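Structure first, then comments.
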Amino acid sequence: MPNQNLNTTLDEKTLWKAVLAELQLVVSPTNYSTWLKPTLAQSLEKNKLIIVCQNPYTKDRLTKLMPLIQEAVNRIGRDEYEVKFVIGDTSPKKDGQVEMGPLFSQTPKASKESVARSGLFPKYTFDNYIMGKNNQLAFAIATAVAQTPGTVYNPVFFYSGVGLGKTHLTQAIGNKIMQDHPELKIIYCTGEDFTNEMIDAIRAKGSAKNMTAEFRDKYRKADVLLIDDIQFIAGKEGTQEEFFHTFNALYMKQKQIIITSDRPPRDFKNIEDRITSRFSSGIIADIQAPDYDTRMAILKNKRDQTKGNISDEVLEFIAQKVSTNIRELEGAYLQVLTKGNAKTGGVTLETAAETLGQTLKEEKQKPINVNQIIKAVCNYYSVKSVDLKGERRTKDIVLPRQVAMYLIKDLTGTPLITIGELLGGRDHTTIIHGVRKIEVEVGAVVKTRQDISNIKQLINTL
Ligand code: ADP
Ligand code: MG
């Protein structure tokens with residue numbers, strides 16, 4: 001493995017481009033196009049990233065956005081760079097000017113043939129991928145990688161349960177890169193495809209040693225390799241060996257590698273450590289089940305795409321009924337639509353109830369109570385509930401306390417004032433602050449997301 005310092009290739013232009021790609025998702029479109037877009041990355045020296053902006057007013061506005069900007073720079077630049085704004089000439093066509101194609105442009109440039117060879121399905125794009133709290137980080141990484149392949153995050157590892165959007169997101173990256181860079185060789189395959197192709201190649205030549213050069217070449221000459229559902233190679237030593245060498249060959253050439261799986265690298269049992277440690281050497285992001293608002297956004301998007309004549313009320317019903325799997329959510333939508341279209345009255349709530357009643361088991365909603373949440377948080381962080389509700393403000397107790405605020409709000413919708421009372425008589429502004437802080441962290445820090453997800457699981461077992 002080469003020395004893992006990817007930043008040796010990170011110049012100011014690339015870094016800033018990736019940062020802008022992330023910020024584009026976070027700030028309002030007006031803020032983005034007025035303040036951020038017309039900037040120029042000037043230099044990256046002595047741990048300072050110098051950004052040129054047009055005038056003092058712009059500089060002032062950018063300074064207000066500094067926490068967000070610095071956070072993105074830290075994430076992409078591995079905490080190495082401090083951002084500084086200077087005023088200067090930002091007129092276009094100068095060296096270092098950030099040129100960014102629109103993320104959602106749809107003009108297909110790649111030939112049909114190269115699309116077919118890549119294993120990509122054109123239907124999976126960023127346009128029809130809905131971003132929500134559940135996939136915020138994965139989405140930000142995906143869009144950044146799609147705009148600057150091979151430079152900012154490598155490898156990228158996405159994991160989630162089934163039907164939560166790994167394949168769609170991975171394919172969207174491939175499609176976007178293909179569109180912008182038809183000259184690049186992009187390969188999408190599943191862990192299973194990789195295994196089967198390798199077995200076929202060996203069989204054709206009689207032994208692993210003589211494995212056709214074709215197979216090796218195909219993968220080792222890729223510019224972008226997207227491997228979906230890598231868990232399939234668990235327990236298959238030959239495949240792992242081959243994959244390991246493919247991975248290293250690509251990584252050394254700074255080719256973009258994106259991997260998905262049903263679990264985080266640390267949870268693999270039958271995959272060699274040398275491989276799982278490669279997975280962990282880049283960036284890892286999970287995708288959680290979508291919350292209610294995201295489910296509604298997905299359904300509304302589906303309705304637009306299918307031009308379905310179906311009311312918000314019915315969509316709300318579906319969003320309430322199907323909560324853990326987006327594939328099932330889409331399936332439920334289509335079933336209801338089909339059933340409704342066959343009836344004279346169109347899609348009514350009754351049709352929906354009838355249709356889903358037949359196919360879905362009612363999810364037993366055990367209401368979660370506040371005490372359960374507090375207990376789980378205390379167990380998880382090994383703190384006492386009297387301390388959680390008490391006055392101490394040391395770091396070891398402040399974090400669990402804020403996590404409790406966040407989870408109570410998120411899971412039970414309890415009003416902020418009541419949460420304040422339940423947590424030792426705190427003011428509701430303190431609660432707002434705590435909830436927001438964790439919300440931001442959940443969107444930005446993998447560790448916090450994992451903690452929250454672990455605690456949620458713990459709550460269900462109490
Ligand atoms: P996974 O690979 O994690 O099992 P998929 O990517 O196959 O999940 O997603 C299942 C279905 O849900 C696909 O039809 C996909 O288009 C859709 N889907 C998943 N996530 C989203 C999302 N965020 N927005 C819109 N559609 C989504
Ligand atoms: Mg999949």
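Residue numbers start at 1 in each chain; chains themselves are named A, B, ... in the order of the structure tokens; ligands are numbered from 1 in the order shown.
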When you look at region 399-403 of chain A with a cut-off of 7 Å (counting only C-alpha atoms), what residues show up, excluding the ones that are within fewer than 5 positions of it in the same chain? I need them as an NGL selection string.
:A and (377 or 381 or 388 or 434-435 or 438)
Interface rows for chain A against ligand 1: nearest pair, Å to one decimal, 8 Å, only C-alpha atoms and all ligand atoms, as a Markdown table:
```
| residue | atom | partner | partner_atom_place_in_ligand_line | distance |
| --- | --- | --- | --- | --- |
| A:Tyr124 | CA | ligand 1 | 16 (O) | 6.4 |
| A:Asn128 | CA | ligand 1 | 25 (C) | 5.6 |
| A:Tyr129 | CA | ligand 1 | 24 (N) | 3.7 |
| A:Ile130 | CA | ligand 1 | 24 (N) | 3.7 |
| A:Met131 | CA | ligand 1 | 23 (N) | 5.5 |
| A:Gly132 | CA | ligand 1 | 23 (N) | 7.1 |
| A:Asn135 | CA | ligand 1 | 23 (N) | 7.1 |
| A:Tyr159 | CA | ligand 1 | 3 (O) | 7.8 |
| A:Ser160 | CA | ligand 1 | 3 (O) | 6.1 |
| A:Gly161 | CA | ligand 1 | 3 (O) | 6.2 |
| A:Val162 | CA | ligand 1 | 4 (O) | 3.9 |
| A:Gly163 | CA | ligand 1 | 4 (O) | 3.4 |
| A:Leu164 | CA | ligand 1 | 3 (O) | 4.0 |
| A:Gly165 | CA | ligand 1 | 6 (O) | 3.2 |
| A:Lys166 | CA | ligand 1 | 3 (O) | 3.7 |
| A:Thr167 | CA | ligand 1 | 6 (O) | 3.6 |
| A:His168 | CA | ligand 1 | 6 (O) | 3.7 |
| A:Leu169 | CA | ligand 1 | 6 (O) | 6.3 |
| A:Thr170 | CA | ligand 1 | 6 (O) | 7.8 |
| A:Asp228 | CA | ligand 1 | 2 (O) | 7.7 |
| A:Asp229 | CA | ligand 1 | 2 (O) | 7.8 |
| A:Asp262 | CA | ligand 1 | 3 (O) | 7.8 |
| A:Pro290 | CA | ligand 1 | 23 (N) | 7.9 |
| A:Thr294 | CA | ligand 1 | 23 (N) | 7.9 |
| A:Ile298 | CA | ligand 1 | 25 (C) | 5.3 |
| A:Asn301 | CA | ligand 1 | 25 (C) | 7.6 |
| A:Lys302 | CA | ligand 1 | 25 (C) | 7.9 |
| A:Asn325 | CA | ligand 1 | 10 (C) | 7.6 |
| A:Ile326 | CA | ligand 1 | 12 (O) | 4.4 |
| A:Arg327 | CA | ligand 1 | 11 (C) | 4.0 |
| A:Glu328 | CA | ligand 1 | 11 (C) | 7.7 |
| A:Leu329 | CA | ligand 1 | 12 (O) | 7.7 |
| A:Glu330 | CA | ligand 1 | 12 (O) | 6.6 |
```
All residues 9 Å or closer to region 58-72 of chain A, only C-alpha atoms, same chain fewer than 5 positions away omitted, as a list of chain:residue names:
A:Ala18, A:Val19, A:Leu20, A:Glu22, A:Leu23, A:Val26, A:Val27, A:Thr34, A:Trp35, A:Leu36, A:Val52, A:Cys53, A:Gly77, A:Asp79, A:Tyr81, A:Glu82, A:Val83, A:Phe85, A:Val86, A:Ile87, A:Ala444
Can I get the selection written as a PDB file, in the first residue's frame, with N, CA, C and O atoms?
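Final output, saved to again.pdb:
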```pdb
ATOM      1  N   ALA A  18     -14.352  20.716  -4.343  1.00  0.00           N
ATOM      2  CA  ALA A  18     -15.077  19.711  -3.555  1.00  0.00           C
ATOM      3  C   ALA A  18     -15.857  20.375  -2.424  1.00  0.00           C
ATOM      4  O   ALA A  18     -16.978  19.988  -2.108  1.00  0.00           O
ATOM      5  N   VAL A  19     -15.228  21.391  -1.817  1.00  0.00           N
ATOM      6  CA  VAL A  19     -15.903  22.101  -0.727  1.00  0.00           C
ATOM      7  C   VAL A  19     -17.166  22.790  -1.264  1.00  0.00           C
ATOM      8  O   VAL A  19     -18.243  22.703  -0.685  1.00  0.00           O
ATOM      9  N   LEU A  20     -17.037  23.434  -2.422  1.00  0.00           N
ATOM     10  CA  LEU A  20     -18.207  24.097  -3.007  1.00  0.00           C
ATOM     11  C   LEU A  20     -19.302  23.091  -3.336  1.00  0.00           C
ATOM     12  O   LEU A  20     -20.482  23.359  -3.132  1.00  0.00           O
ATOM     13  N   GLU A  22     -20.014  20.450  -1.772  1.00  0.00           N
ATOM     14  CA  GLU A  22     -20.732  20.126  -0.531  1.00  0.00           C
ATOM     15  C   GLU A  22     -21.594  21.284  -0.071  1.00  0.00           C
ATOM     16  O   GLU A  22     -22.738  21.114   0.320  1.00  0.00           O
ATOM     17  N   LEU A  23     -21.013  22.479  -0.145  1.00  0.00           N
ATOM     18  CA  LEU A  23     -21.747  23.633   0.368  1.00  0.00           C
ATOM     19  C   LEU A  23     -23.003  23.915  -0.453  1.00  0.00           C
ATOM     20  O   LEU A  23     -23.998  24.389   0.057  1.00  0.00           O
ATOM     21  N   VAL A  26     -25.816  22.550   1.152  1.00  0.00           N
ATOM     22  CA  VAL A  26     -26.124  22.941   2.516  1.00  0.00           C
ATOM     23  C   VAL A  26     -26.719  24.343   2.586  1.00  0.00           C
ATOM     24  O   VAL A  26     -27.649  24.604   3.337  1.00  0.00           O
ATOM     25  N   VAL A  27     -26.192  25.259   1.789  1.00  0.00           N
ATOM     26  CA  VAL A  27     -26.681  26.637   1.865  1.00  0.00           C
ATOM     27  C   VAL A  27     -27.793  26.834   0.833  1.00  0.00           C
ATOM     28  O   VAL A  27     -27.988  26.003  -0.049  1.00  0.00           O
ATOM     29  N   THR A  34     -24.694  33.707  -5.069  1.00  0.00           N
ATOM     30  CA  THR A  34     -24.264  35.091  -4.858  1.00  0.00           C
ATOM     31  C   THR A  34     -22.902  35.203  -4.195  1.00  0.00           C
ATOM     32  O   THR A  34     -22.094  36.055  -4.556  1.00  0.00           O
ATOM     33  N   TRP A  35     -22.654  34.342  -3.210  1.00  0.00           N
ATOM     34  CA  TRP A  35     -21.413  34.536  -2.449  1.00  0.00           C
ATOM     35  C   TRP A  35     -20.353  33.478  -2.732  1.00  0.00           C
ATOM     36  O   TRP A  35     -19.180  33.793  -2.871  1.00  0.00           O
ATOM     37  N   LEU A  36     -20.778  32.242  -2.781  1.00  0.00           N
ATOM     38  CA  LEU A  36     -19.760  31.188  -2.861  1.00  0.00           C
ATOM     39  C   LEU A  36     -19.244  30.948  -4.276  1.00  0.00           C
ATOM     40  O   LEU A  36     -18.049  30.812  -4.499  1.00  0.00           O
ATOM     41  N   VAL A  52     -10.084  33.941  -2.904  1.00  0.00           N
ATOM     42  CA  VAL A  52     -10.269  35.330  -3.322  1.00  0.00           C
ATOM     43  C   VAL A  52     -11.752  35.614  -3.500  1.00  0.00           C
ATOM     44  O   VAL A  52     -12.478  34.818  -4.098  1.00  0.00           O
ATOM     45  N   CYS A  53     -12.197  36.751  -2.965  1.00  0.00           N
ATOM     46  CA  CYS A  53     -13.577  37.176  -3.222  1.00  0.00           C
ATOM     47  C   CYS A  53     -13.567  38.617  -3.716  1.00  0.00           C
ATOM     48  O   CYS A  53     -12.580  39.334  -3.565  1.00  0.00           O
ATOM     49  N   GLY A  77     -10.266  18.233   3.674  1.00  0.00           N
ATOM     50  CA  GLY A  77      -8.817  18.433   3.767  1.00  0.00           C
ATOM     51  C   GLY A  77      -8.202  17.803   4.993  1.00  0.00           C
ATOM     52  O   GLY A  77      -7.076  18.127   5.362  1.00  0.00           O
ATOM     53  N   ASP A  79      -8.620  18.148   8.212  1.00  0.00           N
ATOM     54  CA  ASP A  79      -8.265  19.066   9.298  1.00  0.00           C
ATOM     55  C   ASP A  79      -6.946  19.787   9.096  1.00  0.00           C
ATOM     56  O   ASP A  79      -6.316  20.214  10.056  1.00  0.00           O
ATOM     57  N   TYR A  81      -6.286  22.439   6.877  1.00  0.00           N
ATOM     58  CA  TYR A  81      -6.249  23.785   6.299  1.00  0.00           C
ATOM     59  C   TYR A  81      -7.200  24.766   6.959  1.00  0.00           C
ATOM     60  O   TYR A  81      -8.333  24.443   7.268  1.00  0.00           O
ATOM     61  N   GLU A  82      -6.681  25.978   7.112  1.00  0.00           N
ATOM     62  CA  GLU A  82      -7.505  27.039   7.646  1.00  0.00           C
ATOM     63  C   GLU A  82      -7.877  27.948   6.472  1.00  0.00           C
ATOM     64  O   GLU A  82      -7.024  28.299   5.663  1.00  0.00           O
ATOM     65  N   VAL A  83      -9.131  28.320   6.400  1.00  0.00           N
ATOM     66  CA  VAL A  83      -9.568  29.143   5.269  1.00  0.00           C
ATOM     67  C   VAL A  83      -9.336  30.619   5.561  1.00  0.00           C
ATOM     68  O   VAL A  83      -9.590  31.091   6.665  1.00  0.00           O
ATOM     69  N   PHE A  85     -10.044  34.492   3.653  1.00  0.00           N
ATOM     70  CA  PHE A  85     -10.583  35.203   2.495  1.00  0.00           C
ATOM     71  C   PHE A  85      -9.765  36.457   2.234  1.00  0.00           C
ATOM     72  O   PHE A  85      -9.406  37.178   3.165  1.00  0.00           O
ATOM     73  N   VAL A  86      -9.463  36.679   0.981  1.00  0.00           N
ATOM     74  CA  VAL A  86      -8.802  37.934   0.618  1.00  0.00           C
ATOM     75  C   VAL A  86      -9.610  38.568  -0.512  1.00  0.00           C
ATOM     76  O   VAL A  86     -10.351  37.883  -1.210  1.00  0.00           O
ATOM     77  N   ILE A  87      -9.469  39.872  -0.656  1.00  0.00           N
ATOM     78  CA  ILE A  87     -10.224  40.547  -1.712  1.00  0.00           C
ATOM     79  C   ILE A  87      -9.331  40.689  -2.936  1.00  0.00           C
ATOM     80  O   ILE A  87      -8.147  41.007  -2.814  1.00  0.00           O
ATOM     81  N   ALA A 444     -22.921  15.511   9.985  1.00  0.00           N
ATOM     82  CA  ALA A 444     -21.546  15.732   9.566  1.00  0.00           C
ATOM     83  C   ALA A 444     -20.534  14.747  10.138  1.00  0.00           C
ATOM     84  O   ALA A 444     -19.470  14.559   9.572  1.00  0.00           O
TER      85      ALA A 444
END
```
Could you give me, as JSON, numbers by chain, the residues within 10 Å of Phe244 (chain A), counting only C-alpha atoms and dropping anything in the same chain fewer than 6 positions from it?
{"A": [238, 272, 274, 275, 276, 278]}
Contact residues around Asp291 (chain A) with only C-alpha atoms at 9 Å, ignoring same-chain residues under 5 positions, as a ChimeraX atom specification:
/A:132-134,296,323-324
Do a neighbour search on Thr355 (chain A) at 12 Å with only C-alpha atoms, toss out local chain neighbours closer than 3 positions, and write the hits as number ranges by chain.
A: 314, 317-318, 321, 331-340, 347-352, 358-361
Generate a file of the selected residues that holds N, CA and C atoms, formatted as an mmCIF file, in the first residue's frame.
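Writing the result to again_30.cif gives the following:
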```cif
data_model
loop_
_atom_site.group_PDB
_atom_site.id
_atom_site.type_symbol
_atom_site.label_atom_id
_atom_site.label_comp_id
_atom_site.auth_asym_id
_atom_site.auth_seq_id
_atom_site.Cartn_x
_atom_site.Cartn_y
_atom_site.Cartn_z
ATOM 1 N N VAL A 314 -53.406 10.407 0.443
ATOM 2 C CA VAL A 314 -53.082 8.996 0.242
ATOM 3 C C VAL A 314 -51.573 8.767 0.406
ATOM 4 N N PHE A 317 -50.725 8.581 3.947
ATOM 5 C CA PHE A 317 -51.101 7.271 4.483
ATOM 6 C C PHE A 317 -50.005 6.236 4.192
ATOM 7 N N ILE A 318 -49.534 6.244 2.941
ATOM 8 C CA ILE A 318 -48.481 5.277 2.578
ATOM 9 C C ILE A 318 -47.215 5.553 3.383
ATOM 10 N N LYS A 321 -47.432 4.137 6.735
ATOM 11 C CA LYS A 321 -47.474 2.676 6.823
ATOM 12 C C LYS A 321 -46.126 2.003 6.545
ATOM 13 N N GLY A 331 -42.854 0.246 -3.870
ATOM 14 C CA GLY A 331 -43.728 -0.866 -4.226
ATOM 15 C C GLY A 331 -45.148 -0.594 -3.760
ATOM 16 N N ALA A 332 -45.273 -0.100 -2.535
ATOM 17 C CA ALA A 332 -46.597 0.195 -1.991
ATOM 18 C C ALA A 332 -47.274 1.281 -2.827
ATOM 19 N N TYR A 333 -46.493 2.295 -3.194
ATOM 20 C CA TYR A 333 -47.038 3.383 -4.020
ATOM 21 C C TYR A 333 -47.597 2.821 -5.334
ATOM 22 N N LEU A 334 -46.826 1.990 -5.995
ATOM 23 C CA LEU A 334 -47.247 1.453 -7.290
ATOM 24 C C LEU A 334 -48.472 0.553 -7.165
ATOM 25 N N GLN A 335 -48.477 -0.231 -6.100
ATOM 26 C CA GLN A 335 -49.651 -1.100 -5.879
ATOM 27 C C GLN A 335 -50.913 -0.284 -5.701
ATOM 28 N N VAL A 336 -50.807 0.730 -4.867
ATOM 29 C CA VAL A 336 -51.981 1.567 -4.604
ATOM 30 C C VAL A 336 -52.423 2.260 -5.890
ATOM 31 N N LEU A 337 -51.458 2.749 -6.638
ATOM 32 C CA LEU A 337 -51.772 3.447 -7.888
ATOM 33 C C LEU A 337 -52.469 2.502 -8.879
ATOM 34 N N THR A 338 -51.932 1.320 -9.010
ATOM 35 C CA THR A 338 -52.493 0.354 -9.951
ATOM 36 C C THR A 338 -53.911 -0.029 -9.555
ATOM 37 N N LYS A 339 -54.056 -0.313 -8.282
ATOM 38 C CA LYS A 339 -55.377 -0.713 -7.783
ATOM 39 C C LYS A 339 -56.373 0.414 -8.004
ATOM 40 N N GLY A 340 -55.935 1.643 -7.688
ATOM 41 C CA GLY A 340 -56.807 2.807 -7.822
ATOM 42 C C GLY A 340 -57.211 3.044 -9.264
ATOM 43 N N VAL A 347 -57.926 6.711 -6.882
ATOM 44 C CA VAL A 347 -57.209 6.295 -5.682
ATOM 45 C C VAL A 347 -57.770 6.988 -4.448
ATOM 46 N N THR A 348 -58.502 6.264 -3.670
ATOM 47 C CA THR A 348 -59.021 6.847 -2.429
ATOM 48 C C THR A 348 -58.251 6.255 -1.261
ATOM 49 N N LEU A 349 -58.485 6.856 -0.113
ATOM 50 C CA LEU A 349 -57.839 6.363 1.096
ATOM 51 C C LEU A 349 -58.260 4.909 1.372
ATOM 52 N N GLU A 350 -59.507 4.631 1.042
ATOM 53 C CA GLU A 350 -60.011 3.257 1.253
ATOM 54 C C GLU A 350 -59.244 2.271 0.367
ATOM 55 N N THR A 351 -59.067 2.653 -0.904
ATOM 56 C CA THR A 351 -58.307 1.777 -1.806
ATOM 57 C C THR A 351 -56.929 1.527 -1.220
ATOM 58 N N ALA A 352 -56.315 2.591 -0.743
ATOM 59 C CA ALA A 352 -54.956 2.467 -0.207
ATOM 60 C C ALA A 352 -54.944 1.537 0.994
ATOM 61 N N GLN A 358 -53.658 -5.727 2.737
ATOM 62 C CA GLN A 358 -53.457 -7.102 2.276
ATOM 63 C C GLN A 358 -51.976 -7.476 2.247
ATOM 64 N N THR A 359 -51.157 -6.495 1.955
ATOM 65 C CA THR A 359 -49.763 -6.854 1.719
ATOM 66 C C THR A 359 -48.835 -6.532 2.873
ATOM 67 N N LEU A 360 -49.259 -5.616 3.693
ATOM 68 C CA LEU A 360 -48.335 -5.226 4.765
ATOM 69 C C LEU A 360 -48.840 -5.668 6.118
ATOM 70 N N LYS A 361 -47.939 -6.174 6.876
ATOM 71 C CA LYS A 361 -48.313 -6.431 8.260
ATOM 72 C C LYS A 361 -48.229 -5.092 8.970
#
```
